[in-house]
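S.K.: Below: one structure in structure tokens.
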Amino acid sequence: MAAEDQSASVELKNTQADTAMAGGHAQSESGTRKTAKKAKPPVNTAAKASEKLAKLGLRKDMDFVLHLPMRYEDETEIVSMRDASFRGGSSVQVEGVVTECDIQYRPRRQLVVTIADDSGQVVLRFLNFYGNQTKQMAVGVRVRARGELRHGFFGAEMVHPHYKIVNEGAPLPTALTPVYPSGEGIPQALLRKAISNAMTRVNWRDTLSPARLADLHLQDFESSIRTLHNPPPDVDQHSLIEREHPAWERMKFDELLAQQLSLKRAQLTRRSKGANALPLVGELSNAFLLNLPFSLTRAQEKVLAEIRTDLREAFPMQRLLQGDVGSGKTIVAALAAAQAIDNGYQAALMAPTEILAEQHFRKIAAWLEPLGVKTAWLTGSLKKKEKDAANALITSGEAQLVIGTHALIQDSVQFKKLGLVIVDEQHRFGVSQRLTLANKVEAGKVPHQLMMSATPIPRTLAMTYYADLEVSVIDELPPGRTPIVTRVIDQNRRDEVIARVQAAAGEGKQIYWVCPLIEESETLQLQTATETHAMLAEALPGLKVGLVHGRLKPAEKQATMEAFIRNDSQVLVATTVIEVGVDVPNASLMVIEHAERFGLSQLHQLRGRVGRGAAASICLLLYQSPLGGTAKQRLATMRESNDGFEIARKDLELRGPGEFLGARQSGEAMLRFANLETDQWLVDKARNLADDLLKNDPVTVAAHLERWLGYKEEFLRV
Ligand code: ADP
Ligand code: MG
């Protein structure tokens, strides 16, 4: 958990920095001040408005210019009240004369205004209103109102519509009205004014030459921006609203280009740092391979070759190793470590949880120690004396392989000759944490870095968000695995499920029982786990039932896990602490309670704990009905697919890239307009151009990044 805490604090710092900058800028933004002066309390409003705008990321003129509408409202047409009442759901505009205007007191105080045109009438209902609104909308006054029309008790009505008092025949706007993303207390009018002021001052120079634009079939910058802020009357409204208009395309392209440039430039910067070349695949690597009880899969061979090639270079490897759960990443990591050791360097492996780190340690040590490798183990929970001992081994260089949790990135940990850093389940770490370990610089050299992830990312996403990394994929499982059969079962058939657990144990199988995720309360989650454990222990008298959760002391956790690994306990009741990495091949039945509360990737990760041995494995997803729409889809996806990439694609579809990527939010922040699912063709173009520009046109690179990222770029360093 500390991992997440730290990344959160990094983000916090960013916002503080933002606010500080906003304060400094408030005085100089004369345009904004003028606009704000009209607002009621005269004191300090300009500063306050700037501060609020700064919270939206709006400081420089260009920020305002690039603050594009999130949608448009169509005020260009008035619909007759009769027709309006047939248009359910969407927003419509009607106009009529007030026939009644009353304050009603039941069920609560509200202003109720009835307006009528030739075709019918509409009730406007205001639950919050000012006294003068009754005068404003006195009987006989003409009102233009826009909102969602509902069929209320007294016929067609609009609750809190936007409205205007108009004279008969008052002209309608000829263009769509932009609606801007806004924050609390920032009226659209203020944004509109600030943006149009900024547009008069900004430098419109296009960052891309006319020749390039022609090549890419893109529209120029200035006309694109103007179209989006002030759509001309003859614009194709549909394409504007759907963000398919060439003006939108240009914005999306620019944004994607900025993202690609930024990530790739970061990659080049890191590359320009030196690393120790680790060319030798020596005795240790060879002996290790020889001793393995199995041979590597073709996919493992392929990624190993890629890693070996990287390690030979005198600049740091930046490689992401993706592979579905159970695809055998650990072996590959251990072989990479062996190569570092062969070359006389230390290797460090960092895992996000103690359970996982512990398991890696046990496993990798068992492989490498017999071959003479000296290992060290470092986690936060070690006693001071043990920590000191581990640190001494690390500092002296005696420990060739160091395995642990984020305790490894503490300042007090000083490596003698760190050649390779391996980060397992890298998405669990904050960006800054990954970097800290990678930046354990020794004599100007940074270590090679291998990041591993079992959350496969669809290719499109990987190419966009991980543009700064090389990506290797293990796309095949070791042979002999029987696919896991997944069943979705109503929670009220729990008794049958318990009987199944009993039967499976009778056949010598081991069972995971995963307790429901209770996001609101860790205490409640713990309580549930304890109760489930008691319930199962009672229902399964012949069996030993273990319990593991996040609050156990490390020694207790370890003892419980070891008992399960030794098959001393047959059933392991667990919270999501077992989500990543845990590897007990004899476990072949998994029960997940309240599966509807888990996300798709999480379910896939959990399910990946079984199906690791030769026995056919079963995963039972218990759910509480009734199921919501997406929950139903998630469970169906789980039942139908065992393929991590397929599941990730589905997950992306259900959640969108922002949430899907979690820890990579910084990268996500760069994309406001582009949609990776529909704009893939733009991503490809942007990537190619980014490569070209970085090679040949540093001036354009600088100008484009300055325009699109400005001060933000330093926060996006990944
Ligand atoms: P993950 O990619 O999820 O980290 P692991 O590295 O834990 O997967 O491997 C899963 C299991 O498969 C382990 O028990 C491991 O020993 C085994 N394994 C890995 N590679 C092979 C292989 N080439 N042939 C057979 N078993 C393998
Ligand atoms: Mg693993």
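Here, A, B, ... name the chains of the structure tokens in the order displayed, residue numbers run from 1 inside each chain, and ligands are numbered from 1 in the same displayed order.
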Residues near Gly155 in chain A, anyone? I mean within 10 Å using only C-alpha atoms, not counting same-chain ones fewer than 2 positions away, as a list in words.
M.R.: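 Listing them by chain and then by number gives Ser85, Gln121, Val122, Val123, Leu149, Arg150, His151, Gly152, Phe153 and Glu157 of chain A.
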S.K.: With a distance cut-off of 7 Å and only C-alpha atoms, select the neighbouring residues of Arg71 in chain A, excluding the residue or stretch itself and same-chain residues fewer than 2 positions from it, and output the selection as a VMD selection string.
M.R.: chain A and resid 69 73 178 to 179 241
S.K.: Quick one: residues within 8 Å of Thr353 in chain A, only C-alpha atoms counted, chain neighbours fewer than 4 positions away excluded, as a PDB file with N, CA, C and O atoms, in the first residue's frame?
M.R.:
```
ATOM      1  N   ALA A 357       7.123 -10.685  -3.079  1.00  0.00           N
ATOM      2  CA  ALA A 357       8.579 -10.577  -2.958  1.00  0.00           C
ATOM      3  C   ALA A 357       9.131 -11.838  -2.298  1.00  0.00           C
ATOM      4  O   ALA A 357      10.117 -12.424  -2.741  1.00  0.00           O
ATOM      5  N   THR A 405      10.812  -5.556  -1.407  1.00  0.00           N
ATOM      6  CA  THR A 405       9.697  -4.664  -1.720  1.00  0.00           C
ATOM      7  C   THR A 405      10.269  -3.273  -1.945  1.00  0.00           C
ATOM      8  O   THR A 405      11.466  -3.111  -2.148  1.00  0.00           O
ATOM      9  N   VAL A 577      -4.921  -9.867  -1.321  1.00  0.00           N
ATOM     10  CA  VAL A 577      -3.457  -9.892  -1.191  1.00  0.00           C
ATOM     11  C   VAL A 577      -2.835 -10.959  -2.069  1.00  0.00           C
ATOM     12  O   VAL A 577      -1.663 -10.879  -2.396  1.00  0.00           O
TER      13      VAL A 577
END
```
S.K.: Sort by chain and increasing residue number a table of all residues of chain A within 7 Å of ligand 1, each with its closest pair of atoms and their distance in Å to one decimal, counting only C-alpha atoms and all ligand atoms, and write it as a Markdown table.
M.R.:
```
| residue | atom | partner | partner_atom_place_in_ligand_line | distance |
| --- | --- | --- | --- | --- |
| A:Phe294 | CA | ligand 1 | 24 (N) | 5.0 |
| A:Ser295 | CA | ligand 1 | 23 (N) | 5.1 |
| A:Leu296 | CA | ligand 1 | 23 (N) | 3.7 |
| A:Thr297 | CA | ligand 1 | 23 (N) | 4.5 |
| A:Gly323 | CA | ligand 1 | 2 (O) | 5.8 |
| A:Asp324 | CA | ligand 1 | 2 (O) | 6.1 |
| A:Val325 | CA | ligand 1 | 3 (O) | 3.7 |
| A:Gly326 | CA | ligand 1 | 3 (O) | 3.4 |
| A:Ser327 | CA | ligand 1 | 2 (O) | 4.1 |
| A:Gly328 | CA | ligand 1 | 6 (O) | 3.3 |
| A:Lys329 | CA | ligand 1 | 2 (O) | 3.8 |
| A:Thr330 | CA | ligand 1 | 6 (O) | 3.7 |
| A:Ile331 | CA | ligand 1 | 6 (O) | 5.7 |
| A:Ala454 | CA | ligand 1 | 3 (O) | 6.4 |
| A:Pro478 | CA | ligand 1 | 24 (N) | 4.5 |
| A:Pro479 | CA | ligand 1 | 24 (N) | 6.2 |
| A:Gly581 | CA | ligand 1 | 4 (O) | 5.8 |
| A:Asp583 | CA | ligand 1 | 7 (O) | 5.7 |
| A:Pro585 | CA | ligand 1 | 14 (O) | 6.2 |
| A:Arg612 | CA | ligand 1 | 11 (C) | 5.7 |
```
S.K.: Restricting the calculation to only C-alpha atoms and all ligand atoms, which member of A:Gln605, A:Thr269, A:Thr630, A:Asn132 is positioned closest to ligand 2?
M.R.: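 Among A:Gln605, A:Thr269, A:Thr630, A:Asn132, it is A:Gln605 that comes nearest to ligand 2.
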S.K.: Pull the closest atom pair for each residue of range 444-556 of chain A that gets at most 12 Å from range 684-702 of chain A, along with the distance in Å to one decimal, counting only C-alpha atoms, ordering rows by chain and then ascending residue number, as CSV.
M.R.:
```
residue,atom,partner,partner_atom,distance
A:Arg459,CA,A:Asp684,CA,11.8
A:Thr460,CA,A:Asp684,CA,9.3
A:Leu461,CA,A:Asp684,CA,11.6
A:Met463,CA,A:Arg687,CA,8.8
A:Thr464,CA,A:Arg687,CA,8.3
A:Tyr465,CA,A:Arg687,CA,11.4
A:Tyr466,CA,A:Arg687,CA,11.7
A:Ala467,CA,A:Arg687,CA,8.5
A:Asp468,CA,A:Arg687,CA,11.3
```
S.K.: Out of A:Thr207, A:Thr455, A:Thr200, A:Thr532, which residue has the shortest atom-to-atom distance to ligand 2 when counting only C-alpha atoms and all ligand atoms?
M.R.: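 Looking at the shortest contact to ligand 2, the residue is A:Thr455.
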S.K.: Do you have the CA of Leu127 in chain A-CA of Met158 in chain A distance handy?
M.R.: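 Taking CA of Leu127 in chain A and CA of Met158 in chain A, their separation equals 11.3 Å.
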S.K.: Please report, as a ChimeraX atom specification, each residue of range 158-279 of chain A to which DSSP assigns alpha helix (DSSP H) when run on this structure's backbone.
M.R.: /A:188-201,210-216,221-229,237-241,246-272
S.K.: Do you know which residues are at most 9 Å from Ala348 in chain A counting only C-alpha atoms, after dropping those on the same chain fewer than 4 positions away, and could you put them as a PyMOL selection string?
M.R.: chain A and resi 337+400-404+408+418-423+437
S.K.: Please dump the current selection as a short mmCIF file (atom, residue, chain, number, x, y, z; two decimals), in the first residue's frame; keep N, CA and C atoms.
M.R.:
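The resulting file, part.cif, is reproduced below:
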```
data_model
loop_
_atom_site.label_atom_id
_atom_site.label_comp_id
_atom_site.auth_asym_id
_atom_site.auth_seq_id
_atom_site.Cartn_x
_atom_site.Cartn_y
_atom_site.Cartn_z
N ALA A 337 18.79 -11.56 -14.56
CA ALA A 337 19.62 -11.32 -13.37
C ALA A 337 20.91 -12.12 -13.46
N GLN A 400 24.77 -10.64 -4.55
CA GLN A 400 24.74 -10.46 -6.00
C GLN A 400 23.31 -10.24 -6.49
N LEU A 401 22.39 -10.84 -5.76
CA LEU A 401 20.99 -10.69 -6.14
C LEU A 401 20.21 -10.23 -4.92
N VAL A 402 19.51 -9.11 -5.06
CA VAL A 402 18.75 -8.56 -3.94
C VAL A 402 17.28 -8.55 -4.31
N ILE A 403 16.47 -9.14 -3.45
CA ILE A 403 15.04 -9.21 -3.74
C ILE A 403 14.29 -8.54 -2.60
N GLY A 404 13.26 -7.78 -2.91
CA GLY A 404 12.52 -7.14 -1.84
C GLY A 404 11.36 -6.32 -2.33
N LEU A 408 13.62 -1.46 -1.01
CA LEU A 408 14.83 -1.38 -1.82
C LEU A 408 15.16 0.03 -2.30
N LEU A 418 25.30 -1.89 -8.98
CA LEU A 418 23.98 -2.30 -9.45
C LEU A 418 23.94 -2.25 -10.98
N GLY A 419 23.73 -3.39 -11.60
CA GLY A 419 23.74 -3.44 -13.06
C GLY A 419 22.35 -3.56 -13.66
N LEU A 420 21.43 -4.16 -12.91
CA LEU A 420 20.11 -4.42 -13.48
C LEU A 420 19.04 -4.29 -12.40
N VAL A 421 17.97 -3.59 -12.74
CA VAL A 421 16.83 -3.47 -11.85
C VAL A 421 15.65 -4.15 -12.52
N ILE A 422 14.99 -5.03 -11.77
CA ILE A 422 13.79 -5.69 -12.30
C ILE A 422 12.62 -5.27 -11.42
N VAL A 423 11.56 -4.79 -12.05
CA VAL A 423 10.39 -4.38 -11.28
C VAL A 423 9.23 -5.28 -11.69
N LEU A 437 14.69 3.69 -8.15
CA LEU A 437 15.58 2.55 -8.21
C LEU A 437 16.45 2.61 -9.46
#
```
S.K.: Calculate how many Å separate CA of Arg106 in chain A from CA of Asn128 in chain A, rounding to one decimal.
M.R.: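 Computing the Euclidean distance for CA of Arg106 in chain A and CA of Asn128 in chain A yields 13.9 Å.
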S.K.: Neighbouring residues of Arg109 in chain A were defined as those with any atom within 12 Å, considering only C-alpha atoms; residues of the same chain fewer than 4 positions away were excluded. Please report them as a list in words.
M.R.: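 Returned residues: Asp102, Ile103, Gln104, Tyr105, Arg125, Phe126, Leu127, Asn128, Phe129, Tyr130 and Gly131 of chain A.
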S.K.: Grab the residues selected above and save them as a compact mmCIF listing (two decimals), in the first residue's frame with C-alpha atoms.
M.R.:
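As a result, part_37.txt now contains:
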```txt
# COMPACT_ATOMS: atom_id res chain seq x y z
CA ASP A 102 -46.83 31.00 -9.18
CA ILE A 103 -44.84 30.10 -6.15
CA GLN A 104 -46.07 26.76 -4.89
CA TYR A 105 -45.35 25.39 -1.45
CA ARG A 125 -40.09 24.37 -12.60
CA PHE A 126 -37.47 26.10 -10.43
CA LEU A 127 -36.66 24.64 -7.04
CA ASN A 128 -34.09 27.33 -6.31
CA PHE A 129 -35.02 30.79 -7.43
CA TYR A 130 -34.67 34.45 -6.64
CA GLY A 131 -37.60 36.65 -5.75
```
S.K.: Determine, counting only C-alpha atoms, which protein, DNA and RNA residues have an atom within 10 Å of an atom of Arg82 in chain A; residues of the same chain fewer than 3 positions away are not included. Present the result as a list in words.
M.R.: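 In the requested form, the answer reads Val79, Ser85, Phe86, Arg87, Val94, Asp117, Asp118, Ser119, Gly120, Gln121, Val122 and Ala156 of chain A.
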S.K.: As an exercise, work out the distance from CA of Arg500 in chain A to CA of Asp643 in chain A in Å and give it to one decimal place.
M.R.: 25.6 Å
S.K.: Just asking: which residues within range 402-570 of chain A are strand (DSSP E or B) according to DSSP, as JSON, numbers by chain?
M.R.: {"A": [402, 403, 404, 418, 419, 420, 421, 422, 423, 442, 445, 448, 449, 450, 451, 452, 453, 470, 471, 472, 473, 474, 485, 486, 487, 488, 489, 490, 510, 511, 512, 513, 514, 545, 546, 547, 548]}
S.K.: List the spatial neighbours of range 364-367 of chain A as a PyMOL selection string - criterion: any atom at most 12 Å away, only C-alpha atoms, same-chain residues fewer than 5 positions off excluded.
M.R.: chain A and resi 284-285+287-293+329-338+348-349+356-359+372-377+399-403
S.K.: In terms of the shortest atom-to-atom distance over only C-alpha atoms, which of A:Gly629, A:Pro516, A:Gly613, A:Pro232 is closest to Thr575 in chain A?
M.R.: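 That would be A:Pro516, the residue with the smallest distance to Thr575 in chain A.
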